[in-house]
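The structure file data_19.tsv is reproduced below (TSV, C-alpha atoms).
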```tsv
chain	number	residue	atom	x	y	z
A	786	MET	CA	96.59	147.24	64.97
A	787	SER	CA	98.41	144.06	65.90
A	788	VAL	CA	98.69	141.51	63.17
A	789	HIS	CA	97.36	138.16	64.35
A	790	ASP	CA	97.24	136.25	61.10
A	791	HIS	CA	97.70	132.52	61.51
A	792	GLY	CA	99.26	132.48	58.09
A	793	HIS	CA	102.28	134.12	59.71
A	794	THR	CA	105.25	132.14	60.85
A	795	SER	CA	104.72	130.68	64.28
A	796	ASP	CA	106.72	128.38	66.50
A	797	HIS	CA	104.82	125.68	68.34
A	798	ASP	CA	106.93	124.14	71.08
A	799	HIS	CA	106.38	120.40	71.43
A	800	HIS	CA	109.29	119.81	73.76
A	801	ASP	CA	110.58	116.70	72.04
A	802	HIS	CA	107.14	115.06	71.70
A	803	ASP	CA	105.91	114.02	68.31
A	804	HIS	CA	102.38	114.92	67.27
A	805	ALA	CA	100.98	111.42	67.70
A	806	GLY	CA	102.24	111.19	71.24
A	807	HIS	CA	101.57	114.74	72.19
A	808	GLY	CA	101.82	114.33	75.95
A	809	HIS	CA	101.73	117.33	78.23
A	810	ALA	CA	101.27	115.70	81.63
A	811	PRO	CA	103.96	116.13	84.27
A	812	LYS	CA	106.46	113.32	84.30
A	813	VAL	CA	105.58	110.82	87.00
A	814	SER	CA	107.57	107.77	87.95
A	815	THR	CA	106.07	104.33	88.41
A	816	GLY	CA	106.94	104.61	92.10
A	817	ASN	CA	104.80	107.72	92.49
A	818	GLU	CA	101.85	106.10	90.76
A	819	ARG	CA	102.20	103.00	92.91
A	820	ALA	CA	102.32	105.06	96.12
A	821	VAL	CA	99.10	106.84	95.19
A	822	LEU	CA	97.39	103.57	94.25
A	823	ILE	CA	98.31	101.97	97.60
A	824	GLY	CA	97.04	105.02	99.46
A	825	LEU	CA	93.83	104.95	97.39
A	826	CYS	CA	93.15	101.29	98.25
A	827	LEU	CA	93.83	101.74	101.96
A	828	THR	CA	91.77	104.91	102.28
A	829	GLY	CA	88.86	103.64	100.20
A	830	ALA	CA	88.67	100.33	102.09
A	831	PHE	CA	88.71	102.00	105.49
A	832	MET	CA	86.17	104.59	104.38
A	833	VAL	CA	83.70	101.73	103.86
A	834	ALA	CA	84.64	100.26	107.25
A	835	GLU	CA	84.10	103.65	108.89
A	836	VAL	CA	80.65	103.99	107.34
A	837	VAL	CA	79.73	100.59	108.75
A	838	GLY	CA	81.25	101.46	112.15
A	839	GLY	CA	79.46	104.81	112.25
A	840	TYR	CA	76.13	103.17	111.43
A	841	LEU	CA	76.51	100.39	114.01
A	842	SER	CA	77.75	102.69	116.80
A	843	GLY	CA	75.28	105.44	115.97
A	844	SER	CA	78.09	108.02	115.69
A	845	LEU	CA	77.49	110.93	113.35
A	846	ALA	CA	81.09	112.05	113.94
A	847	LEU	CA	82.32	108.78	112.46
A	848	LEU	CA	80.01	109.15	109.49
A	849	ALA	CA	81.26	112.71	109.00
A	850	ASP	CA	84.85	111.47	109.18
A	851	ALA	CA	83.94	108.82	106.63
A	852	GLY	CA	82.68	111.65	104.45
A	853	HIS	CA	86.00	113.38	104.82
A	854	MET	CA	87.77	110.14	103.98
A	855	LEU	CA	85.62	110.13	100.85
A	856	THR	CA	87.28	113.41	99.86
A	857	ASP	CA	90.66	111.74	100.46
A	858	THR	CA	89.66	108.73	98.38
A	859	VAL	CA	88.50	110.91	95.51
A	860	ALA	CA	91.62	113.09	95.74
A	861	LEU	CA	93.83	110.01	95.58
A	862	PHE	CA	91.74	108.60	92.75
A	863	LEU	CA	92.07	111.84	90.78
A	864	ALA	CA	95.82	111.85	91.37
A	865	TRP	CA	96.08	108.26	90.16
A	866	LEU	CA	93.74	108.98	87.25
A	867	GLY	CA	95.86	111.97	86.27
A	868	PHE	CA	98.99	109.80	86.26
A	869	ARG	CA	97.32	106.94	84.39
A	870	LEU	CA	95.54	109.04	81.76
A	871	GLY	CA	98.54	111.31	81.37
A	872	SER	CA	100.48	108.34	80.04
A	873	ARG	CA	97.88	107.54	77.38
A	874	PRO	CA	98.79	108.73	73.89
A	875	ALA	CA	96.76	111.44	72.22
A	876	ASP	CA	94.69	110.58	69.20
A	877	ALA	CA	93.49	112.41	66.11
A	878	ARG	CA	90.43	113.87	67.87
A	879	ARG	CA	92.06	114.51	71.28
A	880	SER	CA	95.41	116.07	70.52
A	881	PHE	CA	95.93	116.87	74.21
A	882	GLY	CA	94.97	113.41	75.41
A	883	TYR	CA	92.57	112.70	78.27
A	884	SER	CA	93.96	114.79	81.12
A	885	ARG	CA	90.90	117.01	81.41
A	886	LEU	CA	88.84	114.05	82.62
A	887	GLU	CA	90.61	114.64	85.93
A	888	VAL	CA	89.10	118.14	86.08
A	889	LEU	CA	85.58	116.97	85.21
A	890	ALA	CA	85.79	114.28	87.91
A	891	GLY	CA	86.97	116.92	90.38
A	892	LEU	CA	84.00	119.16	89.59
A	893	ILE	CA	81.54	116.31	90.13
A	894	ASN	CA	83.31	115.42	93.37
A	895	ALA	CA	83.06	118.99	94.67
A	896	LEU	CA	79.33	119.22	93.97
A	897	THR	CA	78.76	115.85	95.65
A	898	LEU	CA	80.65	117.01	98.74
A	899	PHE	CA	78.35	120.02	99.13
A	900	VAL	CA	75.39	117.64	99.23
A	901	LEU	CA	77.21	115.52	101.82
A	902	VAL	CA	77.94	118.54	104.02
A	903	GLY	CA	74.28	119.56	103.85
A	904	TRP	CA	73.18	116.11	105.01
A	905	ILE	CA	75.68	116.05	107.90
A	906	ALA	CA	74.62	119.55	109.03
A	907	TYR	CA	70.93	118.59	108.93
A	908	GLU	CA	71.50	115.41	110.93
A	909	ALA	CA	73.72	117.23	113.43
A	910	VAL	CA	71.09	119.88	114.14
A	911	GLN	CA	68.45	117.17	114.59
A	912	ARG	CA	70.67	115.34	117.09
A	913	LEU	CA	71.44	118.50	119.04
A	914	PHE	CA	67.72	118.87	119.77
A	915	ALA	CA	67.17	115.12	120.24
A	916	PRO	CA	70.49	113.41	121.15
A	917	GLU	CA	70.79	109.75	120.21
A	918	GLU	CA	72.79	107.17	122.12
A	919	VAL	CA	76.27	106.51	120.77
A	920	LEU	CA	78.32	103.39	121.57
A	921	ALA	CA	81.59	104.94	122.68
A	922	GLY	CA	83.60	101.70	122.64
A	923	PRO	CA	83.11	100.72	118.97
A	924	MET	CA	83.33	104.39	117.99
A	925	LEU	CA	86.73	104.74	119.69
A	926	VAL	CA	88.11	101.57	118.08
A	927	VAL	CA	87.08	102.63	114.58
A	928	ALA	CA	88.37	106.19	115.09
A	929	VAL	CA	91.77	104.96	116.29
A	930	LEU	CA	92.05	102.58	113.33
A	931	GLY	CA	91.15	105.48	111.05
A	932	LEU	CA	93.93	107.56	112.54
A	933	ILE	CA	96.42	104.73	111.99
A	934	VAL	CA	95.32	104.27	108.36
A	935	ASN	CA	95.69	108.00	107.70
A	936	LEU	CA	99.16	108.03	109.24
A	937	VAL	CA	100.21	105.07	107.06
A	938	VAL	CA	98.82	106.69	103.89
A	939	PHE	CA	100.49	110.01	104.72
A	940	ARG	CA	103.81	108.20	105.23
A	941	ILE	CA	103.47	106.40	101.90
A	942	LEU	CA	102.69	109.62	100.03
A	943	SER	CA	105.49	111.57	101.71
A	944	SER	CA	107.96	108.94	100.50
A	945	ALA	CA	106.93	109.70	96.90
A	946	ASP	CA	107.50	112.93	94.95
A	947	ALA	CA	105.91	115.37	97.41
A	948	ASP	CA	106.60	118.31	95.06
A	949	HIS	CA	104.21	116.97	92.42
A	950	VAL	CA	100.95	118.92	92.42
A	951	ASN	CA	98.71	115.84	92.52
A	952	ILE	CA	100.62	114.14	95.33
A	953	LYS	CA	100.85	117.38	97.31
A	954	GLY	CA	97.09	117.87	97.01
A	955	ALA	CA	96.41	114.30	98.13
A	956	MET	CA	98.73	114.75	101.13
A	957	LEU	CA	96.83	117.86	102.19
A	958	HIS	CA	93.55	115.93	102.02
A	959	VAL	CA	94.96	113.12	104.17
A	960	LEU	CA	96.39	115.62	106.65
A	961	GLY	CA	92.95	117.18	107.00
A	962	ASP	CA	91.43	113.77	107.61
A	963	LEU	CA	93.92	113.16	110.40
A	964	LEU	CA	92.22	116.03	112.22
A	965	GLY	CA	88.84	114.41	111.58
A	966	SER	CA	90.05	111.15	113.11
A	967	VAL	CA	91.41	113.00	116.14
A	968	GLY	CA	88.03	114.71	116.53
A	969	ALA	CA	86.19	111.38	116.41
A	970	ILE	CA	88.56	109.96	119.03
A	971	ALA	CA	87.98	112.98	121.27
A	972	ALA	CA	84.20	112.60	120.92
A	973	ALA	CA	84.37	108.89	121.80
A	974	VAL	CA	86.50	109.55	124.88
A	975	ILE	CA	84.21	112.35	126.11
A	976	ILE	CA	81.11	110.17	125.65
A	977	TRP	CA	82.83	107.27	127.37
A	978	LEU	CA	83.87	109.37	130.39
A	979	THR	CA	80.89	111.73	130.73
A	980	GLY	CA	78.04	110.28	128.69
A	981	TRP	CA	77.51	113.72	127.08
A	982	MET	CA	75.99	112.75	123.71
A	983	PRO	CA	75.79	116.23	122.09
A	984	ILE	CA	79.57	116.20	121.61
A	985	ASP	CA	79.07	113.76	118.72
A	986	PRO	CA	76.97	116.06	116.48
A	987	ILE	CA	79.07	119.08	117.54
A	988	LEU	CA	82.29	117.46	116.38
A	989	SER	CA	80.57	116.15	113.26
A	990	LEU	CA	79.80	119.78	112.36
A	991	LEU	CA	83.46	120.70	112.85
A	992	VAL	CA	84.52	117.84	110.56
A	993	SER	CA	81.93	118.93	107.99
A	994	LEU	CA	83.59	122.35	107.94
A	995	LEU	CA	86.81	120.62	106.88
A	996	ILE	CA	84.89	118.89	104.10
A	997	LEU	CA	83.28	122.20	103.07
A	998	ARG	CA	86.66	123.89	102.89
A	999	SER	CA	88.08	121.11	100.70
A	1000	ALA	CA	84.97	121.10	98.51
A	1001	TRP	CA	85.07	124.87	97.99
A	1002	ALA	CA	88.76	124.83	97.12
A	1003	LEU	CA	88.21	121.97	94.67
A	1004	LEU	CA	85.18	123.67	93.11
A	1005	THR	CA	86.92	127.00	92.52
A	1006	ARG	CA	90.02	125.28	91.20
A	1007	THR	CA	88.19	123.05	88.72
A	1008	PHE	CA	85.81	125.84	87.66
A	1009	ASN	CA	88.76	128.13	86.91
A	1010	ILE	CA	90.41	125.42	84.80
A	1011	LEU	CA	87.22	124.69	82.86
A	1012	MET	CA	86.74	128.43	82.25
A	1013	GLU	CA	90.35	128.54	81.01
A	1014	GLY	CA	91.27	131.14	83.61
A	1015	ALA	CA	94.86	132.00	84.44
A	1016	PRO	CA	96.33	129.65	87.07
A	1017	ASP	CA	96.92	130.90	90.60
A	1018	GLY	CA	100.06	133.00	90.83
A	1019	VAL	CA	100.10	133.90	87.11
A	1020	GLU	CA	99.17	137.44	86.05
A	1021	PRO	CA	99.32	137.60	82.22
A	1022	GLU	CA	99.94	141.36	82.05
A	1023	ALA	CA	102.75	141.20	84.59
A	1024	LEU	CA	104.15	138.14	82.84
A	1025	GLY	CA	104.25	139.94	79.49
A	1026	ASN	CA	106.00	142.95	81.03
A	1027	GLN	CA	108.54	140.68	82.69
A	1028	LEU	CA	109.38	138.99	79.40
A	1029	VAL	CA	109.88	142.33	77.64
A	1030	GLU	CA	112.10	143.65	80.43
A	1031	THR	CA	114.35	140.61	80.67
A	1032	ILE	CA	114.77	139.23	77.13
A	1033	ASP	CA	117.15	140.90	74.68
A	1034	GLY	CA	115.63	141.59	71.29
A	1035	LEU	CA	112.02	141.40	72.51
A	1036	ALA	CA	110.13	144.61	71.77
A	1037	GLY	CA	106.67	143.63	73.03
A	1038	VAL	CA	104.25	140.86	73.92
A	1039	GLY	CA	100.60	140.80	72.89
A	1040	HIS	CA	97.58	138.49	72.75
A	1041	LEU	CA	98.99	136.67	75.77
A	1042	HIS	CA	96.70	133.93	77.07
A	1043	VAL	CA	97.64	131.58	79.92
A	1044	TRP	CA	95.43	128.71	81.06
A	1045	SER	CA	95.57	125.16	82.42
A	1046	LEU	CA	94.67	122.01	80.55
A	1047	SER	CA	94.45	120.18	83.88
A	1048	SER	CA	96.16	120.33	87.25
A	1049	GLY	CA	99.82	121.19	86.80
A	1050	GLN	CA	99.64	121.51	83.01
A	1051	THR	CA	99.88	125.21	82.17
A	1052	MET	CA	99.80	126.45	78.59
A	1053	ALA	CA	100.25	129.78	76.84
A	1054	THR	CA	99.82	131.48	73.48
A	1055	LEU	CA	101.29	134.90	72.64
A	1056	ASP	CA	102.43	137.27	69.93
A	1057	ILE	CA	105.87	138.83	70.13
A	1058	ALA	CA	107.33	141.88	68.39
A	1059	LEU	CA	111.06	141.94	67.71
A	1060	ARG	CA	113.54	144.77	68.00
A	1061	PRO	CA	115.36	145.73	64.78
A	1062	GLY	CA	118.10	143.25	64.02
A	1063	ALA	CA	116.95	140.67	66.58
A	1064	ASP	CA	117.19	137.01	65.57
A	1065	PRO	CA	113.66	135.50	65.58
A	1066	ALA	CA	114.77	131.98	66.53
A	1067	THR	CA	116.93	133.22	69.42
A	1068	VAL	CA	114.22	135.48	70.86
A	1069	THR	CA	111.53	132.82	70.49
A	1070	SER	CA	113.69	130.24	72.23
A	1071	ALA	CA	114.45	132.69	75.05
A	1072	VAL	CA	110.73	133.41	75.53
A	1073	LYS	CA	109.91	129.71	75.79
A	1074	SER	CA	112.79	129.05	78.15
A	1075	ALA	CA	111.68	131.89	80.42
A	1076	LEU	CA	108.10	130.63	80.47
A	1077	MET	CA	109.26	127.14	81.36
A	1078	ASP	CA	111.96	128.02	83.91
A	1079	GLN	CA	110.14	130.83	85.72
A	1080	HIS	CA	106.46	129.81	85.41
A	1081	ASN	CA	106.51	126.07	84.60
A	1082	ILE	CA	104.70	126.66	81.30
A	1083	ALA	CA	105.94	123.70	79.28
A	1084	HIS	CA	103.71	124.19	76.24
A	1085	ALA	CA	103.79	127.60	74.57
A	1086	THR	CA	102.74	128.72	71.10
A	1087	VAL	CA	104.66	131.83	70.05
A	1088	GLU	CA	103.68	133.80	66.94
A	1089	ILE	CA	105.89	136.56	65.61
A	1090	ASP	CA	104.26	139.87	64.68
A	1091	TRP	CA	106.42	140.78	61.68
A	1092	THR	CA	104.93	144.27	61.42
A	1093	GLY	CA	106.58	145.21	64.70
A	1094	THR	CA	103.56	147.32	65.66
A	1095	CYS	CA	101.96	144.98	68.23
A	1096	ALA	CA	99.37	147.58	69.25
A	1097	ASP	CA	98.33	145.84	72.46
A	1098	CYS	CA	101.90	145.07	73.53
A	1099	PRO	CA	103.31	146.76	76.67
A	1100	ALA	CA	105.68	149.62	76.04
A	1101	ALA	CA	109.17	148.32	75.34
A	1102	PRO	CA	111.97	149.47	77.71
A	1103	THR	CA	115.22	150.95	76.57
A	1104	PRO	CA	117.30	148.32	74.73
A	1105	HIS	CA	119.83	146.44	76.85
A	1106	GLN	CA	123.32	147.80	76.58
```

As structure tokens, please, write out the structure in this file.
Amino acid sequence: MSVHDHGHTSDHDHHDHDHAGHGHAPKVSTGNERAVLIGLCLTGAFMVAEVVGGYLSGSLALLADAGHMLTDTVALFLAWLGFRLGSRPADARRSFGYSRLEVLAGLINALTLFVLVGWIAYEAVQRLFAPEEVLAGPMLVVAVLGLIVNLVVFRILSSADADHVNIKGAMLHVLGDLLGSVGAIAAAVIIWLTGWMPIDPILSLLVSLLILRSAWALLTRTFNILMEGAPDGVEPEALGNQLVETIDGLAGVGHLHVWSLSSGQTMATLDIALRPGADPATVTSAVKSALMDQHNIAHATVEIDWTGTCADCPAAPTPHQ
């Protein structure tokens, strides 16, 4: 049986952070945080304007697009919140800081979006059976302004660190809302030229599908994090085998757990068994380097199984020559 006694020697990688300031959030520059904040203000302000415009013009498509802009606003807010909270120091009770608040906010957002989609779908069906008059002129003006705002926000975000997980997610939200704005413009033009009112609820249903897709992706992502599931693209068993096959002196890996603290903050704990004569410090350092370089796992707790049995470890390959 594998020995998993916490009295054993273990190596807890803090990556140059002291315990009081135990930060694990991805490094984000002030410029990135500022870009997200500007995008948040622009999107949130126009979302309110679009709600007003949709109400005054009678356009359900505009209201649906405003709902999609709500997803953008929340996505940008979560990105900014992640940056802001990630910079706060940990305390005695919260040794990992406040990053998981981002995940809780995301879960609440996803559930709210499902309610929003249900309301849009209900209203759209009602209007298909009893079309209501829509003022094409005001609807077109608001939709065009919405498109311009989305283009500006997308440009601002693309000038920041587009490889960062939070910024990339926000950009995808804004890109989806660009399609919603285009749909609202198309509906306004069709109503203006033909007077065919059902196009408004039809396109509002299409926009609601975009919202539903974003909501489902956000729900599954946040639920997986809260359940401490392995992040997408990480298979613990395959990861353990890869470590054993590529690191000299490593005989086996067991009790491997990989999970996310919040978006982009992956963590791992594992036991390792050493080959005879292997240097513990060298092997441990190699394991942590591999986890960081190949899987972006910046925080790993590695415990050495001194018995060398590691019953649940994968079979060790032939030693490297």

(request) Between atom CA of A:His1080 and atom CA of A:Thr1054, measure the distance and give it in Å to one decimal. (result)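 That distance, rounded to one decimal, is 13.8 Å.
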
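Atom to atom, atom CA of A:Leu901 and atom CA of A:Asp985 stand 17.1 Å apart.
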
(request) In Å, rounded to a single decimal, give me how far atom CA of A:Ser999 is from atom CA of A:Met832. (result)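 Distance reported for this atom pair: 17.0 Å.
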
(message) Show me the residues close to (112.3, 144.4, 73.0) - anything with an atom within 6 Å, counting only C-alpha atoms - and format the list as a VMD selection string.
(response) chain A and resid 1029 1034 to 1037 1059 to 1060 1101

(message) My list of candidates is A:Val1087, A:Leu841, A:Val1068, A:Leu1041. Which is closest to A:Glu1020 when distances are computed with all atoms listed in the file?
(response)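 Closest to A:Glu1020 of all the choices is A:Leu1041.
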
(request) Please provide as a VMD selection string all residues within 8 Å of A:Pro916, with the sequence filter that same-chain residues fewer than 5 positions apart are discarded (counting all atoms listed in the file). (result) chain A and resid 911 982 to 983
